[in-house]
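Colleague: Can you read through this structure? Questions will come right after.
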Amino acid sequence: MDFLKDLNEEQKRAVIHKEGPALVLAGAGSGKTRVITYRIGYLIDILGEKPSSILAVTFTNKAADEMKERIYKLISTPIRGIWMGTFHSMCARILREYSEKTPYSRNFVIYDARDQRNLLKRILKRLDIRDKKLNDRYIQRTISNLKNRLIDEYDFEPLSLEQEKIKVVYQEYQKRLKENNAMDFDDLLFNVDRLLGGNRKVKEELNERFKHKLVDEYQDTNHAQYEILKKISKKHKDLFVVGDDDQSIYGFRGADINNILDFEDDFPDTSVYRLERNYRSTQRILRAASSVVKNNYQRKGKTLWTERRNGTKLTLFSTLSENGEARKILYFLKKELKTHKKQNILIAYRTNAQSRAIEDALLAEKIPYTIVGGLRFYQRKEIKDLLAYIKFLVNKRDSISLWRIIDIPRRGIGRLRRSRIEQTAREKGITIWEATQKLGRDDPNLSNFVELIKSLEGISKVDELIRAIIDKTGYIELLKEEDTIESESRIENIFELVSSVKDFTKKEGKYSPEDFLTEVNLRTDIDEWTKSDSVNLMTLHNTKGLEFPVVFITGLSEDILPHYRSLKDGNLEEERRLFYVGITRAKEKVYLSYFKKRGSGWGGERMLIPSRFLQELPPGDVQDLDEQLKRDKFVQEKKERFLNEWVKHPIFGRGRILEVINGDKFLISFDGIKKIIKRRFFE
């Protein structure tokens, strides 16, 4: 029980929760990660529960890794058997374990967003759908939303001609995924829900296995995740969820805030614990954030407090344009860099496009910066190429990966040969790989590719496999021949990939290519980000769970934050929560900025007004530089109006004003004799 002394009373009550469902409403900076960590430590070290009986779901894989380290430091007990990771990684693990109960084999591959779009493009071309609105991205989002609501390709009921086309694409898409032995991210959840709903034995086994279930960031769970939790909590009711309704910001991904708002109704006999003490921010920052979010109706309500003193006011300023805003940010940034390291400063924005002007300003001043959410490491061309080789070797039915690698590096397999392969596969009713092998008997170009793949087939360890792929394809040698700065950068990236494989095998003790691919495919932007000696740039969505001494929130104009699309869709409250999340990332100082004019494309411009959220901030906690400038200008104009004016004094006679002192005194010359006299004497 010794480690419980590190907790405050609210945290301790939650950690030693007896049994049954528990809802921990954890405000920003209140130590929710600590509560989950100590709860797991308490279950293992004090109650003697087996790690294998615990399922802990985190928002990112990075959070899971950090939590494992904290638990080990806390109780000094191996926790290897614990199930810990994101919902998607947990579901991938379940689907591999019970693959014989599904239409997929154990070595299924996971398609990322780009793989999905490539498949959808092929389907749209084959179905001859050329509607501009029905593009691959739009259909991808639509299918994702349907899967998150657990609506399959047959249950989907179209309400328009457009939706009828989408249903046809959806059905073909799912058919092709099964043919390729592939799943997309949403399938991982969808298929586990189907598995639990359709197989009583699997459901009972998982109910028996997971005695204790802990879920972080519960406010961002979607309908599919909610259903999975319900299904695996039938026997053991110990469902311990931690979240903050005021930080539910992923509605566009299908997250349902009602999961946390209605938790007590959905799980009777719930114990509710409120973590309201904030350890991160100053009183002013908390007051400002609370003053904004209290305008939402969809919330449980809580009162955050802190022992930290008031702190400095939030600074608000405006400029005419985005470029002007970037220059002003740079001005304040330089001031902050006198007392803060670059890595301790965050510049946040609503959309990725807003970073352009800020990047230009930072580049001009040679200030290093890191963008979270730009082109991720595992999305770079050379990395995608090499990973596609591994994916195909793991799963020969994966045609998307096959088409990617068949002519990389170039081996003369162009459009004509690809068409012949596809035609042969259709006519013979065989896979793309089988058709490639068949045609390769009489085609040297295809034969060379087939031989390359066969030479790699017997390598079972992922670290040995990646080296063999690099060596046998001659990928690095070809890049060296290019002899450009870009090719050098790509070579460095390949070496970094080799290091990441090595780190994975060392950390996880796993060597199978399937395990490594699962790890890679389920990584997020934040998983790949680490603090370095540079200023941090990211969207407000990506700031979730992070903290920085100094935070800039930019683009606080109507139609940007709140975003016009969210206003159109009726999601104003989520936009307000997004602003709240941004403010509560700050420990010491917050800068808020907006611009009044923005380009609207084709050389046009449109005027913007300040965000409505700025009106919800407490005036006493905000230093409004625009108002300050107006006051300064007014005082200056008054000074200029009085300067050199002649006044008459009953004793000293006629004199001329030389200077206005502090706005309420005049320095006057009476025939060369200078006197300081209060201004009101002449009014």
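Chain labels follow the order of the structure tokens: the first chain is A, the next B, and so on; residue numbering restarts at 1 in every chain, and ligands are counted from 1 in their shown order.
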Which parts of stretch 55-144 of chain A does DSSP call helix (DSSP H, G or I) when run on the backbone here, written out as number ranges by chain?

Modeller: A: 61-75, 87-97, 99-101, 113-126, 136-144

Colleague: Could you produce a table of the residues of stretch 428-472 of chain A lying within 10 Å of stretch 488-507 of chain A, with the nearest pair of atoms per residue and their separation in Å rounded to one decimal, using only C-alpha atoms, ordered by chain and increasing residue number, as a tab-separated table?

Modeller:
residue	atom	partner	partner_atom	distance
A:Lys461	CA	A:Thr505	CA	9.3
A:Val462	CA	A:Val501	CA	7.2
A:Asp463	CA	A:Val501	CA	5.8
A:Glu464	CA	A:Val501	CA	9.5
A:Ile466	CA	A:Val498	CA	7.0
A:Arg467	CA	A:Val498	CA	7.4
A:Ile470	CA	A:Ile494	CA	8.7

Colleague: Go ahead and save the residues from that selection, with C-alpha atoms, as a short mmCIF file (atom, residue, chain, number, x, y, z; two decimals), in the first residue's frame.

Modeller:
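What landed in result_25.cif:
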data_model
loop_
_atom_site.label_atom_id
_atom_site.label_comp_id
_atom_site.auth_asym_id
_atom_site.auth_seq_id
_atom_site.Cartn_x
_atom_site.Cartn_y
_atom_site.Cartn_z
CA LYS A 461 12.70 -13.22 -38.76
CA VAL A 462 11.71 -9.67 -39.64
CA ASP A 463 15.14 -8.14 -38.91
CA GLU A 464 16.82 -10.62 -41.28
CA ILE A 466 14.31 -6.42 -44.13
CA ARG A 467 18.07 -6.64 -44.68
CA ILE A 470 17.28 -4.20 -49.21
#

Colleague: Need the shell around A:Lys32: protein/DNA/RNA residues with any atom at most 8 Å away, counting only C-alpha atoms. Skip same-chain ones fewer than 2 positions apart. Format as an MDAnalysis selection string?

Modeller: chainID A and resid 26 29:30 34:36 242:243 275

Colleague: Can you pull out the residues contacting stretch 357-371 of chain A? Cut-off 10 Å, using only C-alpha atoms, and skip same-chain residues under 4 positions away; I want them as number ranges by chain.

Modeller: A: 321-330, 333-334, 342-343, 345-347, 352-353, 375-376, 525, 529-539, 554

Colleague: Can you pull out the residues contacting stretch 148-154 of chain A? Cut-off 12 Å, using only C-alpha atoms, and skip same-chain residues under 6 positions away; I want them as a PDB file with N, CA, C and O atoms, in the first residue's frame.

Modeller:
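Now in result-v4.pdb:
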ATOM      1  N   ARG A 141     -14.366   7.862 -46.397  1.00  0.00           N
ATOM      2  CA  ARG A 141     -14.958   8.410 -45.172  1.00  0.00           C
ATOM      3  C   ARG A 141     -16.348   7.824 -44.919  1.00  0.00           C
ATOM      4  O   ARG A 141     -16.704   7.509 -43.784  1.00  0.00           O
ATOM      5  N   THR A 142     -17.133   7.700 -45.985  1.00  0.00           N
ATOM      6  CA  THR A 142     -18.493   7.176 -45.851  1.00  0.00           C
ATOM      7  C   THR A 142     -18.483   5.738 -45.345  1.00  0.00           C
ATOM      8  O   THR A 142     -19.221   5.373 -44.419  1.00  0.00           O
ATOM      9  N   GLN A 163     -26.074   7.254 -52.950  1.00  0.00           N
ATOM     10  CA  GLN A 163     -25.824   6.224 -51.943  1.00  0.00           C
ATOM     11  C   GLN A 163     -25.935   4.821 -52.526  1.00  0.00           C
ATOM     12  O   GLN A 163     -25.272   3.900 -52.051  1.00  0.00           O
ATOM     13  N   GLU A 164     -26.768   4.664 -53.553  1.00  0.00           N
ATOM     14  CA  GLU A 164     -26.852   3.357 -54.215  1.00  0.00           C
ATOM     15  C   GLU A 164     -25.522   3.003 -54.866  1.00  0.00           C
ATOM     16  O   GLU A 164     -25.077   1.849 -54.823  1.00  0.00           O
ATOM     17  N   LYS A 165     -24.869   4.010 -55.463  1.00  0.00           N
ATOM     18  CA  LYS A 165     -23.546   3.783 -56.060  1.00  0.00           C
ATOM     19  C   LYS A 165     -22.525   3.451 -54.974  1.00  0.00           C
ATOM     20  O   LYS A 165     -21.665   2.577 -55.158  1.00  0.00           O
ATOM     21  N   ILE A 166     -22.639   4.160 -53.847  1.00  0.00           N
ATOM     22  CA  ILE A 166     -21.708   3.906 -52.744  1.00  0.00           C
ATOM     23  C   ILE A 166     -21.878   2.478 -52.226  1.00  0.00           C
ATOM     24  O   ILE A 166     -20.899   1.797 -51.912  1.00  0.00           O
ATOM     25  N   LYS A 167     -23.126   2.005 -52.178  1.00  0.00           N
ATOM     26  CA  LYS A 167     -23.366   0.635 -51.700  1.00  0.00           C
ATOM     27  C   LYS A 167     -22.702  -0.379 -52.619  1.00  0.00           C
ATOM     28  O   LYS A 167     -22.094  -1.361 -52.150  1.00  0.00           O
ATOM     29  N   VAL A 168     -22.781  -0.148 -53.930  1.00  0.00           N
ATOM     30  CA  VAL A 168     -22.142  -1.054 -54.892  1.00  0.00           C
ATOM     31  C   VAL A 168     -20.631  -1.074 -54.666  1.00  0.00           C
ATOM     32  O   VAL A 168     -19.986  -2.135 -54.652  1.00  0.00           O
ATOM     33  N   VAL A 169     -20.055   0.127 -54.467  1.00  0.00           N
ATOM     34  CA  VAL A 169     -18.611   0.225 -54.221  1.00  0.00           C
ATOM     35  C   VAL A 169     -18.258  -0.447 -52.900  1.00  0.00           C
ATOM     36  O   VAL A 169     -17.257  -1.183 -52.806  1.00  0.00           O
ATOM     37  N   TYR A 170     -19.066  -0.205 -51.863  1.00  0.00           N
ATOM     38  CA  TYR A 170     -18.845  -0.794 -50.537  1.00  0.00           C
ATOM     39  C   TYR A 170     -18.807  -2.321 -50.628  1.00  0.00           C
ATOM     40  O   TYR A 170     -17.915  -2.984 -50.070  1.00  0.00           O
ATOM     41  N   GLN A 171     -19.756  -2.891 -51.357  1.00  0.00           N
ATOM     42  CA  GLN A 171     -19.806  -4.350 -51.490  1.00  0.00           C
ATOM     43  C   GLN A 171     -18.582  -4.883 -52.228  1.00  0.00           C
ATOM     44  O   GLN A 171     -17.981  -5.887 -51.823  1.00  0.00           O
ATOM     45  N   GLU A 172     -18.191  -4.190 -53.299  1.00  0.00           N
ATOM     46  CA  GLU A 172     -17.016  -4.617 -54.060  1.00  0.00           C
ATOM     47  C   GLU A 172     -15.741  -4.446 -53.236  1.00  0.00           C
ATOM     48  O   GLU A 172     -14.829  -5.280 -53.285  1.00  0.00           O
ATOM     49  N   TYR A 173     -15.690  -3.366 -52.471  1.00  0.00           N
ATOM     50  CA  TYR A 173     -14.533  -3.072 -51.615  1.00  0.00           C
ATOM     51  C   TYR A 173     -14.337  -4.190 -50.582  1.00  0.00           C
ATOM     52  O   TYR A 173     -13.222  -4.705 -50.406  1.00  0.00           O
ATOM     53  N   GLN A 174     -15.419  -4.586 -49.910  1.00  0.00           N
ATOM     54  CA  GLN A 174     -15.313  -5.646 -48.914  1.00  0.00           C
ATOM     55  C   GLN A 174     -14.954  -6.983 -49.549  1.00  0.00           C
ATOM     56  O   GLN A 174     -14.182  -7.769 -48.990  1.00  0.00           O
ATOM     57  N   LYS A 175     -15.481  -7.213 -50.734  1.00  0.00           N
ATOM     58  CA  LYS A 175     -15.158  -8.441 -51.462  1.00  0.00           C
ATOM     59  C   LYS A 175     -13.665  -8.490 -51.778  1.00  0.00           C
ATOM     60  O   LYS A 175     -12.996  -9.518 -51.577  1.00  0.00           O
ATOM     61  N   ASP A 184      -9.097  -3.083 -43.228  1.00  0.00           N
ATOM     62  CA  ASP A 184      -8.728  -1.700 -42.952  1.00  0.00           C
ATOM     63  C   ASP A 184      -8.873  -1.475 -41.441  1.00  0.00           C
ATOM     64  O   ASP A 184      -9.270  -2.375 -40.696  1.00  0.00           O
ATOM     65  N   PHE A 185      -8.553  -0.270 -40.971  1.00  0.00           N
ATOM     66  CA  PHE A 185      -8.579  -0.007 -39.527  1.00  0.00           C
ATOM     67  C   PHE A 185      -9.954  -0.272 -38.922  1.00  0.00           C
ATOM     68  O   PHE A 185     -10.068  -0.836 -37.840  1.00  0.00           O
ATOM     69  N   ASP A 186     -10.994   0.168 -39.629  1.00  0.00           N
ATOM     70  CA  ASP A 186     -12.352   0.024 -39.096  1.00  0.00           C
ATOM     71  C   ASP A 186     -12.778  -1.441 -39.045  1.00  0.00           C
ATOM     72  O   ASP A 186     -13.565  -1.832 -38.178  1.00  0.00           O
ATOM     73  N   ASP A 187     -12.262  -2.256 -39.968  1.00  0.00           N
ATOM     74  CA  ASP A 187     -12.581  -3.688 -39.954  1.00  0.00           C
ATOM     75  C   ASP A 187     -12.120  -4.362 -38.669  1.00  0.00           C
ATOM     76  O   ASP A 187     -12.734  -5.326 -38.204  1.00  0.00           O
ATOM     77  N   LEU A 188     -11.016  -3.878 -38.101  1.00  0.00           N
ATOM     78  CA  LEU A 188     -10.489  -4.494 -36.885  1.00  0.00           C
ATOM     79  C   LEU A 188     -11.539  -4.466 -35.781  1.00  0.00           C
ATOM     80  O   LEU A 188     -11.749  -5.450 -35.072  1.00  0.00           O
ATOM     81  N   LEU A 189     -12.203  -3.324 -35.630  1.00  0.00           N
ATOM     82  CA  LEU A 189     -13.260  -3.197 -34.625  1.00  0.00           C
ATOM     83  C   LEU A 189     -14.513  -3.948 -35.064  1.00  0.00           C
ATOM     84  O   LEU A 189     -15.114  -4.701 -34.301  1.00  0.00           O
ATOM     85  N   PHE A 190     -14.900  -3.702 -36.318  1.00  0.00           N
ATOM     86  CA  PHE A 190     -16.126  -4.290 -36.862  1.00  0.00           C
ATOM     87  C   PHE A 190     -16.091  -5.817 -36.753  1.00  0.00           C
ATOM     88  O   PHE A 190     -17.063  -6.445 -36.316  1.00  0.00           O
ATOM     89  N   ASN A 191     -14.980  -6.417 -37.132  1.00  0.00           N
ATOM     90  CA  ASN A 191     -14.896  -7.881 -37.155  1.00  0.00           C
ATOM     91  C   ASN A 191     -14.823  -8.492 -35.756  1.00  0.00           C
ATOM     92  O   ASN A 191     -15.292  -9.608 -35.548  1.00  0.00           O
ATOM     93  N   VAL A 192     -14.229  -7.756 -34.800  1.00  0.00           N
ATOM     94  CA  VAL A 192     -14.237  -8.259 -33.421  1.00  0.00           C
ATOM     95  C   VAL A 192     -15.655  -8.209 -32.858  1.00  0.00           C
ATOM     96  O   VAL A 192     -16.095  -9.141 -32.179  1.00  0.00           O
ATOM     97  N   ASP A 193     -16.383  -7.143 -33.163  1.00  0.00           N
ATOM     98  CA  ASP A 193     -17.770  -7.072 -32.703  1.00  0.00           C
ATOM     99  C   ASP A 193     -18.584  -8.221 -33.298  1.00  0.00           C
ATOM    100  O   ASP A 193     -19.380  -8.857 -32.596  1.00  0.00           O
ATOM    101  N   ARG A 194     -18.380  -8.484 -34.591  1.00  0.00           N
ATOM    102  CA  ARG A 194     -19.085  -9.595 -35.240  1.00  0.00           C
ATOM    103  C   ARG A 194     -18.683 -10.940 -34.621  1.00  0.00           C
ATOM    104  O   ARG A 194     -19.517 -11.825 -34.421  1.00  0.00           O
ATOM    105  N   GLY A 197     -20.351 -11.247 -31.290  1.00  0.00           N
ATOM    106  CA  GLY A 197     -21.796 -11.398 -31.426  1.00  0.00           C
ATOM    107  C   GLY A 197     -22.209 -12.718 -32.045  1.00  0.00           C
ATOM    108  O   GLY A 197     -23.317 -13.211 -31.801  1.00  0.00           O
ATOM    109  N   THR A 221     -14.370   7.213 -27.426  1.00  0.00           N
ATOM    110  CA  THR A 221     -14.722   5.907 -27.985  1.00  0.00           C
ATOM    111  C   THR A 221     -15.899   6.052 -28.947  1.00  0.00           C
ATOM    112  O   THR A 221     -16.738   6.940 -28.788  1.00  0.00           O
ATOM    113  N   ASN A 222     -15.946   5.170 -29.947  1.00  0.00           N
ATOM    114  CA  ASN A 222     -17.061   5.211 -30.896  1.00  0.00           C
ATOM    115  C   ASN A 222     -18.056   4.088 -30.573  1.00  0.00           C
ATOM    116  O   ASN A 222     -17.887   3.351 -29.602  1.00  0.00           O
ATOM    117  N   HIS A 223     -19.071   3.972 -31.404  1.00  0.00           N
ATOM    118  CA  HIS A 223     -20.140   3.001 -31.130  1.00  0.00           C
ATOM    119  C   HIS A 223     -19.613   1.560 -31.154  1.00  0.00           C
ATOM    120  O   HIS A 223     -19.977   0.741 -30.292  1.00  0.00           O
ATOM    121  N   ALA A 224     -18.739   1.259 -32.107  1.00  0.00           N
ATOM    122  CA  ALA A 224     -18.199  -0.101 -32.203  1.00  0.00           C
ATOM    123  C   ALA A 224     -17.391  -0.457 -30.957  1.00  0.00           C
ATOM    124  O   ALA A 224     -17.513  -1.567 -30.408  1.00  0.00           O
ATOM    125  N   GLN A 225     -16.571   0.460 -30.481  1.00  0.00           N
ATOM    126  CA  GLN A 225     -15.765   0.219 -29.286  1.00  0.00           C
ATOM    127  C   GLN A 225     -16.650   0.035 -28.056  1.00  0.00           C
ATOM    128  O   GLN A 225     -16.389  -0.821 -27.201  1.00  0.00           O
ATOM    129  N   TYR A 226     -17.695   0.839 -27.991  1.00  0.00           N
ATOM    130  CA  TYR A 226     -18.657   0.731 -26.885  1.00  0.00           C
ATOM    131  C   TYR A 226     -19.308  -0.652 -26.874  1.00  0.00           C
ATOM    132  O   TYR A 226     -19.421  -1.296 -25.823  1.00  0.00           O
ATOM    133  N   GLU A 227     -19.709  -1.130 -28.040  1.00  0.00           N
ATOM    134  CA  GLU A 227     -20.358  -2.442 -28.132  1.00  0.00           C
ATOM    135  C   GLU A 227     -19.403  -3.562 -27.741  1.00  0.00           C
ATOM    136  O   GLU A 227     -19.789  -4.528 -27.076  1.00  0.00           O
ATOM    137  N   ILE A 228     -18.151  -3.444 -28.146  1.00  0.00           N
ATOM    138  CA  ILE A 228     -17.148  -4.463 -27.787  1.00  0.00           C
ATOM    139  C   ILE A 228     -16.977  -4.519 -26.273  1.00  0.00           C
ATOM    140  O   ILE A 228     -16.948  -5.599 -25.667  1.00  0.00           O
ATOM    141  N   GLY A 251     -15.366  13.611 -32.837  1.00  0.00           N
ATOM    142  CA  GLY A 251     -16.640  13.257 -33.444  1.00  0.00           C
ATOM    143  C   GLY A 251     -16.526  12.968 -34.925  1.00  0.00           C
ATOM    144  O   GLY A 251     -17.219  12.097 -35.463  1.00  0.00           O
ATOM    145  N   PHE A 252     -15.608  13.665 -35.611  1.00  0.00           N
ATOM    146  CA  PHE A 252     -15.438  13.455 -37.051  1.00  0.00           C
ATOM    147  C   PHE A 252     -14.888  12.067 -37.365  1.00  0.00           C
ATOM    148  O   PHE A 252     -14.980  11.603 -38.497  1.00  0.00           O
ATOM    149  N   ARG A 253     -14.325  11.393 -36.366  1.00  0.00           N
ATOM    150  CA  ARG A 253     -13.855  10.015 -36.551  1.00  0.00           C
ATOM    151  C   ARG A 253     -14.876   8.997 -36.039  1.00  0.00           C
ATOM    152  O   ARG A 253     -14.587   7.808 -35.996  1.00  0.00           O
ATOM    153  N   GLY A 254     -16.018   9.480 -35.632  1.00  0.00           N
ATOM    154  CA  GLY A 254     -17.049   8.568 -35.154  1.00  0.00           C
ATOM    155  C   GLY A 254     -17.165   8.493 -33.651  1.00  0.00           C
ATOM    156  O   GLY A 254     -18.020   7.755 -33.132  1.00  0.00           O
ATOM    157  N   ALA A 255     -16.310   9.235 -32.902  1.00  0.00           N
ATOM    158  CA  ALA A 255     -16.405   9.211 -31.436  1.00  0.00           C
ATOM    159  C   ALA A 255     -17.762   9.743 -31.000  1.00  0.00           C
ATOM    160  O   ALA A 255     -18.287  10.693 -31.567  1.00  0.00           O
ATOM    161  N   ASP A 256     -18.322   9.119 -29.970  1.00  0.00           N
ATOM    162  CA  ASP A 256     -19.661   9.476 -29.496  1.00  0.00           C
ATOM    163  C   ASP A 256     -19.574   9.924 -28.037  1.00  0.00           C
ATOM    164  O   ASP A 256     -19.342   9.119 -27.139  1.00  0.00           O
TER     165      ASP A 256
END

Colleague: Compile the contact shell of A:Ala113 as a ChimeraX atom specification: residues with an atom at most 9 Å away, counting only C-alpha atoms, same-chain residues fewer than 2 positions apart removed.

Modeller: /A:111,115-118,140,184-185

Colleague: A:Ser455: which residues within 12 Å, counting only C-alpha atoms, same-chain residues fewer than 6 positions away excluded, as a list in words?

Modeller: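 Here the answer would be Leu393, Asn448, Phe449, Leu465, Ala468, Ile469, Asp471, Lys472 and Thr473 of chain A.
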
Colleague: As an exercise, work out the distance from atom CA of A:Thr584 to atom CA of A:Glu264 in Å and give it to one decimal place.

Modeller: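 Going from atom CA of A:Thr584 over to atom CA of A:Glu264 covers 26.6 Å.
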